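Undergrad: Below you will find the structure I want to go over with you.
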Amino acid sequence: MTVHQAVLPATARRRKRYNRDKRRSNLLTVVMWLCALYFVVPLIWLFVSSTKDNSDLFTTFGLWFGNDFNLFANIVDVFTYQDGIYGRWALNTIFYAGVAAIGASLLATMAGYAFAKYQFPGKELLFSITLGAIMIPLTALAIPTYLLFSSAGITNTPWAVILPSLVSPFSVFLMRVYAADAVPDSLIEAARMDGAGEIRIFWQVGIRLLGPGIVTVLLFTLVATWNNYFLPLIMLNSGDLLPLTVGLAQQQATSAAGGGAQALFSTVITGSFVSIIPLIIAFLYLQRYWQTGLATGGVKG
């Protein structure tokens with residue numbers, strides 16, 4: 001009887017814990033599905049709307065297709081409107097985002113690696129300033145940056161968009177945290193004993209171990225620069241230098257000001273849909289480096 005009585009409470013506790021964990025799992029599943037819908041539904045709406053003509057946009061349900069499938073006709077309109085200015089905007093966006101992402105990733109990796117693996121005077125002060133810079137909204141720096149670049153004579157040039165995008169305090173913080181564990185100190189010491197210099201250690205040892213972190217920073221900067229609107233809006237005046245965000249906004253504003261607000265709705269919406277395709281491709285291509293990094297970490301463990 002004593003053993004039987006002792007088993008029953010233990011079984012009841014296990015059953016109670018199982019039920020509690022199951023309820024928690026169900027709640028988390030519902031929350032994750034709601035988050036997924038929050039991010040996916042706008043993309044679905046954008047794709048469905050890109051398949052409609054102007055009349056169907058205002059007469060059919062937003063999350064369902066119209067009477068005709070006009071996606072390819074809308075894409076043709078996007079790339080032929082105003083002598084193909086959309087293609088120019090797309091090339092500008094690719095250039096700005098690509099250069100900024102590569103440059104910001106390199107600078108953040110070097111700075112994060114230095115903060116994580118070296119001791120030097122003023123290290124904690126510099127890192128505190130970097131953390132403080134994360135708290136400053138980018139819009140607060142836009143006007144001072146414009147005045148600085150205007151005095152230097154580089155407004156209305158690609159550098160006016162690229163240079164501010166190279167500085168990413170959050171990326172430096174992220175890379176310091178990642179480099180602290182991803183690059184073992186014993187491995188650095190072994191490389192030094194073999195006669196390798198610090199630059200060689202960084203490029204041949206550190207970079208290879210920091211791959212997943214670099215890809216994360218690269219994607220963050222790529223998306224931020226690709227979607228940046230306010231900075232190029234105040235920095236650029238020439239229509240040939242505009243990125244997609246500003247170009248599409250001005251295209252719609254021009255149409256609305258001319259009394260034909262509906263005339264370019266399908267063109268602008270389809271152009272917006274086409275503009276996110278490179279980001280999706282970049283994410284799907286670069287995510288394998290995350291998987292590789294996780295697999296490598298699992299093998300090391």
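Letters A, B, ... mark the chains of the structure tokens in the order given; residue numbers begin at 1 per chain; ligand numbers begin at 1, in order shown.
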If we count only C-alpha atoms, what is near stretch 116-123 of chain A at a cut-off of 7 Å, once residues fewer than 3 positions away on the same chain are taken out, given as a PyMOL selection string?
TA: chain A and resi 112-113+126-127+176+179-180
Undergrad: Write out, as a PDB file, in the first residue's frame, the residues just selected, with N, CA and C atoms.
TA:
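Contents of out-v4.pdb, as written:
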ATOM      1  N   GLY A 112      33.432  44.500 -34.077  1.00  0.00           N
ATOM      2  CA  GLY A 112      32.965  43.539 -33.079  1.00  0.00           C
ATOM      3  C   GLY A 112      34.050  42.566 -32.667  1.00  0.00           C
ATOM      4  N   TYR A 113      34.847  42.110 -33.623  1.00  0.00           N
ATOM      5  CA  TYR A 113      35.956  41.201 -33.321  1.00  0.00           C
ATOM      6  C   TYR A 113      36.981  41.889 -32.425  1.00  0.00           C
ATOM      7  N   LEU A 126      34.367  53.363 -25.561  1.00  0.00           N
ATOM      8  CA  LEU A 126      33.954  53.322 -26.964  1.00  0.00           C
ATOM      9  C   LEU A 126      32.749  52.410 -27.153  1.00  0.00           C
ATOM     10  N   PHE A 127      32.746  51.287 -26.451  1.00  0.00           N
ATOM     11  CA  PHE A 127      31.615  50.380 -26.591  1.00  0.00           C
ATOM     12  C   PHE A 127      30.359  50.965 -25.965  1.00  0.00           C
ATOM     13  N   ARG A 176      30.050  41.752 -31.688  1.00  0.00           N
ATOM     14  CA  ARG A 176      30.874  41.565 -30.487  1.00  0.00           C
ATOM     15  C   ARG A 176      30.343  40.390 -29.662  1.00  0.00           C
ATOM     16  N   ALA A 179      31.131  37.162 -31.680  1.00  0.00           N
ATOM     17  CA  ALA A 179      32.555  36.835 -31.777  1.00  0.00           C
ATOM     18  C   ALA A 179      33.118  36.366 -30.442  1.00  0.00           C
ATOM     19  N   ALA A 180      32.535  36.827 -29.340  1.00  0.00           N
ATOM     20  CA  ALA A 180      33.051  36.449 -28.023  1.00  0.00           C
ATOM     21  C   ALA A 180      33.016  34.939 -27.819  1.00  0.00           C
TER      22      ALA A 180
END
Undergrad: Can you pull out the residues contacting stretch 159-168 of chain A? Cut-off 7 Å, using only C-alpha atoms, and skip same-chain residues under 3 positions away; I want them as a list in words.
TA: Tyr96, Ala100, Gly103, Ala104, Phe149, Ile154, Thr155, Asn156, Ser171, Val172, Thr225, Leu231, Pro232 and Met235 of chain A
Undergrad: Using DSSP on the backbone, list every residue of stretch 49-133 of chain A that comes out as helix (DSSP H, G or I), and give them as JSON, numbers by chain.
TA: {"A": [49, 50, 54, 55, 56, 57, 58, 59, 71, 72, 73, 74, 75, 76, 77, 78, 79, 80, 81, 82, 83, 85, 86, 87, 88, 89, 90, 91, 92, 93, 94, 95, 96, 97, 98, 99, 100, 101, 102, 103, 104, 105, 106, 107, 108, 109, 110, 111, 112, 113, 114, 115, 116, 117, 123, 124, 125, 126, 127, 128, 129, 130, 131, 132, 133]}
Undergrad: Looking at only C-alpha atoms, which of A:Ile234, A:Trp89, A:Ala196, A:Phe58 is the one that sits closest to A:Ile143?
TA: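 Ranking A:Ile234, A:Trp89, A:Ala196, A:Phe58 by distance to A:Ile143, first place goes to A:Ile234.
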Undergrad: Find the spatial neighbours of stretch 276-288 of chain A, counting only C-alpha atoms, within a cut-off of 12 Å - ignore same-chain residues fewer than 4 positions away - and output them as an MDAnalysis selection string.
TA: chainID A and resid 42:43 46:47 90:91 93:94 97:98 101 211:227 244:245 269:272 292:295
Undergrad: Could you save those same residues with C-alpha atoms as a PDB file, in the first residue's frame?
TA:
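Result file follows (again-v9.pdb):
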ATOM      1  CA  PRO A  42       0.313  41.745 -46.426  1.00  0.00           C
ATOM      2  CA  LEU A  43       2.503  39.781 -48.849  1.00  0.00           C
ATOM      3  CA  LEU A  46       0.352  42.503 -52.459  1.00  0.00           C
ATOM      4  CA  PHE A  47       0.628  39.490 -54.763  1.00  0.00           C
ATOM      5  CA  ALA A  90      15.909  49.048 -59.301  1.00  0.00           C
ATOM      6  CA  LEU A  91      19.577  49.192 -60.330  1.00  0.00           C
ATOM      7  CA  THR A  93      18.540  50.217 -55.119  1.00  0.00           C
ATOM      8  CA  ILE A  94      20.623  47.120 -55.792  1.00  0.00           C
ATOM      9  CA  ALA A  97      21.884  48.165 -50.737  1.00  0.00           C
ATOM     10  CA  GLY A  98      24.650  45.862 -51.999  1.00  0.00           C
ATOM     11  CA  ALA A 101      25.448  45.763 -46.829  1.00  0.00           C
ATOM     12  CA  GLY A 211      30.005  33.405 -41.008  1.00  0.00           C
ATOM     13  CA  PRO A 212      26.466  33.157 -39.537  1.00  0.00           C
ATOM     14  CA  GLY A 213      26.905  36.467 -37.699  1.00  0.00           C
ATOM     15  CA  ILE A 214      28.195  38.181 -40.825  1.00  0.00           C
ATOM     16  CA  VAL A 215      25.232  36.888 -42.840  1.00  0.00           C
ATOM     17  CA  THR A 216      22.846  38.186 -40.167  1.00  0.00           C
ATOM     18  CA  VAL A 217      24.378  41.660 -40.274  1.00  0.00           C
ATOM     19  CA  LEU A 218      24.450  41.533 -44.070  1.00  0.00           C
ATOM     20  CA  LEU A 219      20.724  40.776 -44.254  1.00  0.00           C
ATOM     21  CA  PHE A 220      19.809  43.392 -41.644  1.00  0.00           C
ATOM     22  CA  THR A 221      21.727  46.087 -43.497  1.00  0.00           C
ATOM     23  CA  LEU A 222      20.515  44.927 -46.896  1.00  0.00           C
ATOM     24  CA  VAL A 223      16.862  45.104 -45.846  1.00  0.00           C
ATOM     25  CA  ALA A 224      17.326  48.412 -43.998  1.00  0.00           C
ATOM     26  CA  THR A 225      19.023  50.098 -46.961  1.00  0.00           C
ATOM     27  CA  TRP A 226      16.646  48.546 -49.488  1.00  0.00           C
ATOM     28  CA  ASN A 227      13.619  49.857 -47.575  1.00  0.00           C
ATOM     29  CA  LEU A 244      12.612  52.194 -55.549  1.00  0.00           C
ATOM     30  CA  THR A 245      11.074  53.407 -52.299  1.00  0.00           C
ATOM     31  CA  ILE A 269       1.367  47.982 -56.443  1.00  0.00           C
ATOM     32  CA  THR A 270       2.971  45.637 -58.971  1.00  0.00           C
ATOM     33  CA  GLY A 271       6.209  47.606 -58.746  1.00  0.00           C
ATOM     34  CA  SER A 272       6.134  47.204 -54.972  1.00  0.00           C
ATOM     35  CA  THR A 292      25.868  25.566 -42.004  1.00  0.00           C
ATOM     36  CA  GLY A 293      26.920  27.560 -38.959  1.00  0.00           C
ATOM     37  CA  LEU A 294      24.474  25.765 -36.705  1.00  0.00           C
ATOM     38  CA  ALA A 295      25.583  22.395 -38.017  1.00  0.00           C
TER      39      ALA A 295
END
Undergrad: Could you jot down the atom CA of A:Thr254 to atom CA of A:Val40 separation for me, Å, one decimal place?
TA: 29.6 Å
Undergrad: Report, in Å with one decimal, the straight-line distance from atom CA of A:Val76 to atom CA of A:Leu236.
TA: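 That distance, rounded to one decimal, is 26.9 Å.
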Undergrad: Identify, on the basis of only C-alpha atoms, every residue whose closest approach to A:Gly247 does not exceed 10 Å; exclude the query and any residue fewer than 5 positions from it along the same chain; express the result as an MDAnalysis selection string.
TA: chainID A and resid 85:86 88:90 229 233 239:242 252:253 268
Undergrad: Could you save the residues just selected, with N, CA and C atoms, as a short mmCIF file (atom, residue, chain, number, x, y, z; two decimals), in the first residue's frame?
TA:
data_model
loop_
_atom_site.label_atom_id
_atom_site.label_comp_id
_atom_site.auth_asym_id
_atom_site.auth_seq_id
_atom_site.Cartn_x
_atom_site.Cartn_y
_atom_site.Cartn_z
N ILE A 85 11.87 53.86 -66.33
CA ILE A 85 12.55 54.46 -65.19
C ILE A 85 12.60 53.51 -64.00
N TYR A 86 11.65 52.56 -63.92
CA TYR A 86 11.64 51.60 -62.82
C TYR A 86 12.91 50.76 -62.83
N ARG A 88 15.82 51.66 -63.82
CA ARG A 88 16.90 52.51 -63.30
C ARG A 88 16.83 52.58 -61.78
N TRP A 89 15.62 52.74 -61.25
CA TRP A 89 15.46 52.78 -59.80
C TRP A 89 15.88 51.45 -59.17
N ALA A 90 15.55 50.36 -59.83
CA ALA A 90 15.91 49.05 -59.30
C ALA A 90 17.42 48.87 -59.26
N TYR A 229 13.69 55.05 -46.86
CA TYR A 229 12.91 56.05 -47.61
C TYR A 229 13.33 57.48 -47.26
N LEU A 233 15.25 60.42 -49.64
CA LEU A 233 14.28 61.47 -49.94
C LEU A 233 14.89 62.85 -49.75
N GLY A 239 16.04 62.41 -60.47
CA GLY A 239 15.20 61.23 -60.62
C GLY A 239 15.97 60.00 -61.03
N ASP A 240 17.12 60.18 -61.69
CA ASP A 240 17.92 59.03 -62.12
C ASP A 240 18.68 58.38 -60.97
N LEU A 241 18.73 59.04 -59.80
CA LEU A 241 19.46 58.49 -58.65
C LEU A 241 18.53 57.91 -57.59
N LEU A 242 17.24 58.03 -57.77
CA LEU A 242 16.31 57.60 -56.74
C LEU A 242 16.29 56.09 -56.59
N GLN A 252 3.34 57.59 -57.44
CA GLN A 252 1.96 57.61 -56.99
C GLN A 252 1.52 59.03 -56.65
N ALA A 253 2.40 59.81 -56.02
CA ALA A 253 2.04 61.19 -55.67
C ALA A 253 1.80 62.03 -56.92
N VAL A 268 1.93 50.86 -59.49
CA VAL A 268 2.68 51.07 -58.24
C VAL A 268 2.65 49.82 -57.37
#
Undergrad: Please provide as a list of chain:residue names all residues within 7 Å of A:Asn70, with the sequence filter that same-chain residues fewer than 2 positions apart are discarded (counting only C-alpha atoms).
TA: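 That gives A:Thr51, A:Lys52, A:Asp53, A:Asp68, A:Phe72, A:Ala73, A:Asn74.
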Undergrad: Distance atom CA of A:Leu37-atom CA of A:Phe273, one decimal place?
TA: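 These two atoms are separated by 17.9 Å.
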Undergrad: Given only C-alpha atoms as the basis, pick out the residue of A:Thr29, A:Asn54, A:Asn67, A:Ser128 nearest to A:Ser266.
TA: A:Asn54
